[in-house]
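Visitor: Before I ask anything, let me first share the structure, which is written out below as structure tokens.
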Amino acid sequence: MLDSIPSFARLVAELAKFPGIGKKTATRLAFFILRQSDSEAEALAGAIRDLKEKIRFCSSCFTITESELCSICSDTGRDELLLCVVEQPQDLIAIERSHSFAGRYHVLHGALSPLDGVGPEDIKVAELMTRLEKGRVEEVVVATNFTVEGEATALYLARLVRPLGIRVTRLAYGIPLGSDLEYVDEATVNRAVEGRRDL
Ligand SMILES: [Zn+2]
């Protein structure tokens, strides 16, 4: 049936690419968009276009931003002795939401995963080392996810960073094993940051 309405089928196919969205939900969303006014639908299309046109990565920490430096990197009030390493920009957002960290960040854009062929050169490890060598960081808080890949990345970073004379810590208890930071509630992230331990 859908195949006879190509424009509708096309939108459903695009929406079904979203994480957690199956064909059924995609169809419901497509009907929702169809019922919207022209200007509402145009606003959605415009927001997607804008996102792709304007967003880039911060030249220092590699989180998403619309300028050369993100708002955290350009904030002189942040503690430059503390650097929190996360896998993705959404992890940074989760920690910021918990109001438990006043330092700066570094986004790796991934985690080590030898099985998937992801090595140190595929994530922002070299960029991290350059920052550490140039900066005044005294403690690196490794906040990679509590998954096999995240743990392996944490241990790898600890071995790399400690010889620079920099303390390396890891978020503590409370974060369930196997979980992504972005889905953990604020209070738990807060406790984990407060109770971080040496790696
Ligand atoms: Zn930044």
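Just remember, in the structure tokens the first chain shown is A, the second B, etc., residues are 1-based per chain, and ligands are 1-based in the order shown.
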Restrict the calculation to only C-alpha atoms and all ligand atoms, then for each residue of chain A with any atom at most 8 Å from an atom of ligand 1 give the closest atom pair and their distance in Å to one decimal, rows by chain and rising residue number, as JSON lines.

Guide:
{"residue": "A:Phe57", "atom": "CA", "partner": "ligand 1", "partner_atom_place_in_ligand_line": "1 (Zn)", "distance": 7.8}
{"residue": "A:Cys58", "atom": "CA", "partner": "ligand 1", "partner_atom_place_in_ligand_line": "1 (Zn)", "distance": 4.6}
{"residue": "A:Ser59", "atom": "CA", "partner": "ligand 1", "partner_atom_place_in_ligand_line": "1 (Zn)", "distance": 6.6}
{"residue": "A:Ser60", "atom": "CA", "partner": "ligand 1", "partner_atom_place_in_ligand_line": "1 (Zn)", "distance": 5.1}
{"residue": "A:Cys61", "atom": "CA", "partner": "ligand 1", "partner_atom_place_in_ligand_line": "1 (Zn)", "distance": 4.0}
{"residue": "A:Phe62", "atom": "CA", "partner": "ligand 1", "partner_atom_place_in_ligand_line": "1 (Zn)", "distance": 5.8}
{"residue": "A:Thr63", "atom": "CA", "partner": "ligand 1", "partner_atom_place_in_ligand_line": "1 (Zn)", "distance": 5.7}
{"residue": "A:Ile64", "atom": "CA", "partner": "ligand 1", "partner_atom_place_in_ligand_line": "1 (Zn)", "distance": 7.8}
{"residue": "A:Thr65", "atom": "CA", "partner": "ligand 1", "partner_atom_place_in_ligand_line": "1 (Zn)", "distance": 7.7}
{"residue": "A:Leu69", "atom": "CA", "partner": "ligand 1", "partner_atom_place_in_ligand_line": "1 (Zn)", "distance": 5.2}
{"residue": "A:Cys70", "atom": "CA", "partner": "ligand 1", "partner_atom_place_in_ligand_line": "1 (Zn)", "distance": 4.1}
{"residue": "A:Ser71", "atom": "CA", "partner": "ligand 1", "partner_atom_place_in_ligand_line": "1 (Zn)", "distance": 6.7}
{"residue": "A:Ile72", "atom": "CA", "partner": "ligand 1", "partner_atom_place_in_ligand_line": "1 (Zn)", "distance": 5.7}
{"residue": "A:Cys73", "atom": "CA", "partner": "ligand 1", "partner_atom_place_in_ligand_line": "1 (Zn)", "distance": 4.2}
{"residue": "A:Ser74", "atom": "CA", "partner": "ligand 1", "partner_atom_place_in_ligand_line": "1 (Zn)", "distance": 7.2}
{"residue": "A:Arg104", "atom": "CA", "partner": "ligand 1", "partner_atom_place_in_ligand_line": "1 (Zn)", "distance": 7.8}
{"residue": "A:Tyr105", "atom": "CA", "partner": "ligand 1", "partner_atom_place_in_ligand_line": "1 (Zn)", "distance": 7.0}
{"residue": "A:His106", "atom": "CA", "partner": "ligand 1", "partner_atom_place_in_ligand_line": "1 (Zn)", "distance": 7.5}

Visitor: Would you mind writing down, as an MDAnalysis selection string, each residue of segment 16-187 of chain A that DSSP on the backbone assigns to alpha helix (DSSP H)?

Guide: chainID A and resid 23:35 38:54 89:97 125:134 148:161 186:187

Visitor: If you count only C-alpha atoms, which residues fall within 10 Å of segment 27-43 of chain A, apart from same-chain ones fewer than 6 positions away, as a list in words?

Guide: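 Result of the neighbour search: Leu2, Phe8, Ala9, Arg10, Leu11, Val12, Ala13, Glu14, Leu15, Ala16, Ile21 and Arg49 of chain A.
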
Visitor: Could those residues be written to a file, using N, CA and C atoms, as a tab-separated table (two decimals), in the first residue's frame?

Guide:
chain	number	residue	atom	x	y	z
A	2	LEU	N	1.84	1.31	0.97
A	2	LEU	CA	2.69	2.49	1.07
A	2	LEU	C	3.47	2.75	-0.22
A	8	PHE	N	5.22	9.55	0.77
A	8	PHE	CA	4.94	9.08	2.13
A	8	PHE	C	5.91	7.96	2.51
A	9	ALA	N	6.08	7.03	1.57
A	9	ALA	CA	6.98	5.89	1.83
A	9	ALA	C	8.41	6.38	2.07
A	10	ARG	N	8.78	7.43	1.36
A	10	ARG	CA	10.14	7.97	1.50
A	10	ARG	C	10.36	8.53	2.90
A	11	LEU	N	9.38	9.29	3.41
A	11	LEU	CA	9.51	9.87	4.75
A	11	LEU	C	9.55	8.76	5.80
A	12	VAL	N	8.68	7.77	5.64
A	12	VAL	CA	8.67	6.64	6.58
A	12	VAL	C	10.04	5.95	6.59
A	13	ALA	N	10.60	5.75	5.41
A	13	ALA	CA	11.90	5.08	5.33
A	13	ALA	C	12.98	5.91	6.03
A	14	GLU	N	12.92	7.23	5.87
A	14	GLU	CA	13.91	8.11	6.52
A	14	GLU	C	13.75	8.08	8.04
A	15	LEU	N	12.50	8.18	8.51
A	15	LEU	CA	12.23	8.20	9.96
A	15	LEU	C	12.60	6.87	10.60
A	16	ALA	N	12.42	5.78	9.87
A	16	ALA	CA	12.70	4.45	10.41
A	16	ALA	C	14.20	4.23	10.64
A	21	ILE	N	13.32	3.63	16.46
A	21	ILE	CA	12.10	3.87	15.70
A	21	ILE	C	11.93	2.76	14.67
A	49	ARG	N	17.94	21.05	8.72
A	49	ARG	CA	18.91	21.66	7.80
A	49	ARG	C	19.89	22.54	8.58

Visitor: Report the distance between atom CA of Arg97 of chain A and atom CA of Glu66 of chain A in Å, rounded to one decimal place.

Guide: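 Pair atom CA of Arg97 of chain A / atom CA of Glu66 of chain A returns 19.8 Å.
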
Visitor: Let me make sure I understand: among A:Arg131, A:Lys124, A:His99, A:His109, which one has the smallest atom-to-atom distance to Leu83 of chain A if we use only C-alpha atoms?

Guide: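 Residue with the minimum atom-to-atom distance to Leu83 of chain A: A:Arg131.
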
Visitor: Residues of segment 22-148 of chain A classed as strand (DSSP E) by DSSP on the backbone are to be reported as a VMD selection string.

Guide: chain A and resid 56 to 57 64 to 65 79 to 86 103 to 107 139 to 142

Visitor: Which residues come within 10 Å of Ala154 of chain A, counting only C-alpha atoms, excluding same-chain residues fewer than 3 positions away, as a list in words?

Guide: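 So, after excluding close chain neighbours, the residues are Val85, Val86, Ala111, Leu112, Val141, Val142, Ala143, Thr144, Asn145, Phe146, Val148, Glu149, Gly150, Glu151, Leu157, Ala158, Arg159, Leu160, Val168, Thr169, Arg170 and Leu199 of chain A.
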
Visitor: Just write the chosen residues, N, CA and C atoms, as a PDB file, in the first residue's frame.

Guide:
ATOM      1  N   VAL A  85      37.062  13.351  30.596  1.00  0.00           N
ATOM      2  CA  VAL A  85      37.067  12.724  29.277  1.00  0.00           C
ATOM      3  C   VAL A  85      35.797  11.894  29.099  1.00  0.00           C
ATOM      4  N   VAL A  86      35.053  12.184  28.056  1.00  0.00           N
ATOM      5  CA  VAL A  86      33.815  11.449  27.779  1.00  0.00           C
ATOM      6  C   VAL A  86      33.852  10.888  26.358  1.00  0.00           C
ATOM      7  N   ALA A 111      34.921   4.953  21.623  1.00  0.00           N
ATOM      8  CA  ALA A 111      35.681   4.213  22.622  1.00  0.00           C
ATOM      9  C   ALA A 111      36.449   3.128  21.899  1.00  0.00           C
ATOM     10  N   LEU A 112      37.528   2.683  22.519  1.00  0.00           N
ATOM     11  CA  LEU A 112      38.337   1.635  21.889  1.00  0.00           C
ATOM     12  C   LEU A 112      37.530   0.349  21.765  1.00  0.00           C
ATOM     13  N   VAL A 141      39.597  13.109  34.741  1.00  0.00           N
ATOM     14  CA  VAL A 141      38.489  12.278  35.215  1.00  0.00           C
ATOM     15  C   VAL A 141      37.954  11.497  34.015  1.00  0.00           C
ATOM     16  N   VAL A 142      38.146  10.191  34.015  1.00  0.00           N
ATOM     17  CA  VAL A 142      37.705   9.404  32.868  1.00  0.00           C
ATOM     18  C   VAL A 142      36.243   9.014  33.067  1.00  0.00           C
ATOM     19  N   ALA A 143      35.386   9.567  32.230  1.00  0.00           N
ATOM     20  CA  ALA A 143      33.944   9.315  32.342  1.00  0.00           C
ATOM     21  C   ALA A 143      33.426   8.610  31.094  1.00  0.00           C
ATOM     22  N   THR A 144      34.245   7.677  30.592  1.00  0.00           N
ATOM     23  CA  THR A 144      33.757   6.857  29.484  1.00  0.00           C
ATOM     24  C   THR A 144      32.664   5.948  30.034  1.00  0.00           C
ATOM     25  N   ASN A 145      31.863   5.382  29.138  1.00  0.00           N
ATOM     26  CA  ASN A 145      30.733   4.560  29.583  1.00  0.00           C
ATOM     27  C   ASN A 145      31.197   3.309  30.328  1.00  0.00           C
ATOM     28  N   PHE A 146      30.291   2.770  31.135  1.00  0.00           N
ATOM     29  CA  PHE A 146      30.614   1.576  31.914  1.00  0.00           C
ATOM     30  C   PHE A 146      30.292   0.311  31.112  1.00  0.00           C
ATOM     31  N   VAL A 148      32.186  -2.611  28.190  1.00  0.00           N
ATOM     32  CA  VAL A 148      33.497  -3.233  27.971  1.00  0.00           C
ATOM     33  C   VAL A 148      34.431  -2.249  27.263  1.00  0.00           C
ATOM     34  N   GLU A 149      33.899  -1.574  26.235  1.00  0.00           N
ATOM     35  CA  GLU A 149      34.709  -0.642  25.455  1.00  0.00           C
ATOM     36  C   GLU A 149      35.119   0.564  26.308  1.00  0.00           C
ATOM     37  N   GLY A 150      34.159   1.068  27.083  1.00  0.00           N
ATOM     38  CA  GLY A 150      34.434   2.234  27.929  1.00  0.00           C
ATOM     39  C   GLY A 150      35.478   1.933  28.980  1.00  0.00           C
ATOM     40  N   GLU A 151      35.395   0.753  29.575  1.00  0.00           N
ATOM     41  CA  GLU A 151      36.362   0.350  30.606  1.00  0.00           C
ATOM     42  C   GLU A 151      37.750   0.173  29.986  1.00  0.00           C
ATOM     43  N   LEU A 157      43.728   4.928  28.694  1.00  0.00           N
ATOM     44  CA  LEU A 157      44.039   6.337  28.943  1.00  0.00           C
ATOM     45  C   LEU A 157      44.857   6.496  30.222  1.00  0.00           C
ATOM     46  N   ALA A 158      44.519   5.700  31.247  1.00  0.00           N
ATOM     47  CA  ALA A 158      45.258   5.796  32.509  1.00  0.00           C
ATOM     48  C   ALA A 158      46.741   5.490  32.276  1.00  0.00           C
ATOM     49  N   ARG A 159      46.994   4.444  31.493  1.00  0.00           N
ATOM     50  CA  ARG A 159      48.386   4.069  31.215  1.00  0.00           C
ATOM     51  C   ARG A 159      49.119   5.146  30.425  1.00  0.00           C
ATOM     52  N   LEU A 160      48.391   5.833  29.592  1.00  0.00           N
ATOM     53  CA  LEU A 160      48.977   6.855  28.716  1.00  0.00           C
ATOM     54  C   LEU A 160      49.227   8.161  29.470  1.00  0.00           C
ATOM     55  N   VAL A 168      44.844  10.291  37.386  1.00  0.00           N
ATOM     56  CA  VAL A 168      43.747   9.800  36.545  1.00  0.00           C
ATOM     57  C   VAL A 168      42.701   9.148  37.439  1.00  0.00           C
ATOM     58  N   THR A 169      41.476   9.639  37.365  1.00  0.00           N
ATOM     59  CA  THR A 169      40.408   9.064  38.186  1.00  0.00           C
ATOM     60  C   THR A 169      39.273   8.573  37.292  1.00  0.00           C
ATOM     61  N   ARG A 170      38.422   7.757  37.896  1.00  0.00           N
ATOM     62  CA  ARG A 170      37.295   7.173  37.159  1.00  0.00           C
ATOM     63  C   ARG A 170      36.047   7.425  37.983  1.00  0.00           C
ATOM     64  N   LEU A 199      42.540   5.655  39.108  1.00  0.00           N
ATOM     65  CA  LEU A 199      42.617   4.529  38.178  1.00  0.00           C
ATOM     66  C   LEU A 199      44.025   3.959  38.201  1.00  0.00           C
TER      67      LEU A 199
END

Visitor: May I have the residues within 8 Å of Arg136 of chain A as a list in words, using only C-alpha atoms and disregarding those fewer than 3 positions away in the same chain?

Guide: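 Near Arg136 of chain A, the qualifying residues are Glu80, Leu81 and Leu132 of chain A.
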
Visitor: Please list as a VMD selection string every residue within 12 Å of Ile93 of chain A, counting only C-alpha atoms and excluding residues in the same chain fewer than 2 positions away.

Guide: chain A and resid 63 to 64 72 84 86 to 91 95 to 101 105 107 181 to 186 189

Visitor: Those same residues, written as a short mmCIF file (atom, residue, chain, number, x, y, z; two decimals), in the first residue's frame with C-alpha atoms?

Guide:
data_model
loop_
_atom_site.label_atom_id
_atom_site.label_comp_id
_atom_site.auth_asym_id
_atom_site.auth_seq_id
_atom_site.Cartn_x
_atom_site.Cartn_y
_atom_site.Cartn_z
CA THR A 63 31.96 18.82 21.69
CA ILE A 64 29.26 20.26 19.45
CA ILE A 72 32.61 25.68 28.24
CA CYS A 84 36.80 15.18 32.18
CA VAL A 86 33.82 11.45 27.78
CA GLU A 87 32.91 9.35 24.75
CA GLN A 88 30.24 11.55 23.16
CA PRO A 89 28.87 15.10 23.41
CA GLN A 90 25.68 13.71 24.98
CA ASP A 91 27.78 12.36 27.89
CA ILE A 95 27.48 15.50 33.41
CA GLU A 96 26.75 19.20 32.96
CA ARG A 97 23.11 18.50 33.88
CA SER A 98 24.25 16.90 37.14
CA HIS A 99 26.08 20.14 38.18
CA SER A 100 28.85 18.03 39.69
CA PHE A 101 31.82 19.10 37.60
CA TYR A 105 35.98 18.37 28.98
CA VAL A 107 35.16 14.37 23.85
CA LEU A 181 26.02 7.93 30.87
CA GLU A 182 23.45 9.84 28.90
CA TYR A 183 20.67 7.61 30.24
CA VAL A 184 21.71 7.75 33.90
CA ASP A 185 19.77 10.12 36.15
CA GLU A 186 21.37 13.37 37.35
CA VAL A 189 25.91 11.00 37.84
#

Visitor: Could you check the closest approach to Val161 of chain A for each of A:Asp50, A:Gly77, A:Leu128, A:Met1 and tell me which residue wins, using only C-alpha atoms?

Guide: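 For Val161 of chain A, the nearest of the given residues is A:Leu128.
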
Visitor: If you measure from atom CA of Val193 of chain A to atom CA of Pro114 of chain A, what distance in Å do you get, rounded to one decimal?

Guide: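 It comes out at 27.7 Å.
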
Visitor: Can you work out the spacing between atom CA of Asp180 of chain A and atom CA of Gly20 of chain A in Å, to one decimal?

Guide: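 Value for the atom CA of Asp180 of chain A-atom CA of Gly20 of chain A distance: 15.2 Å.
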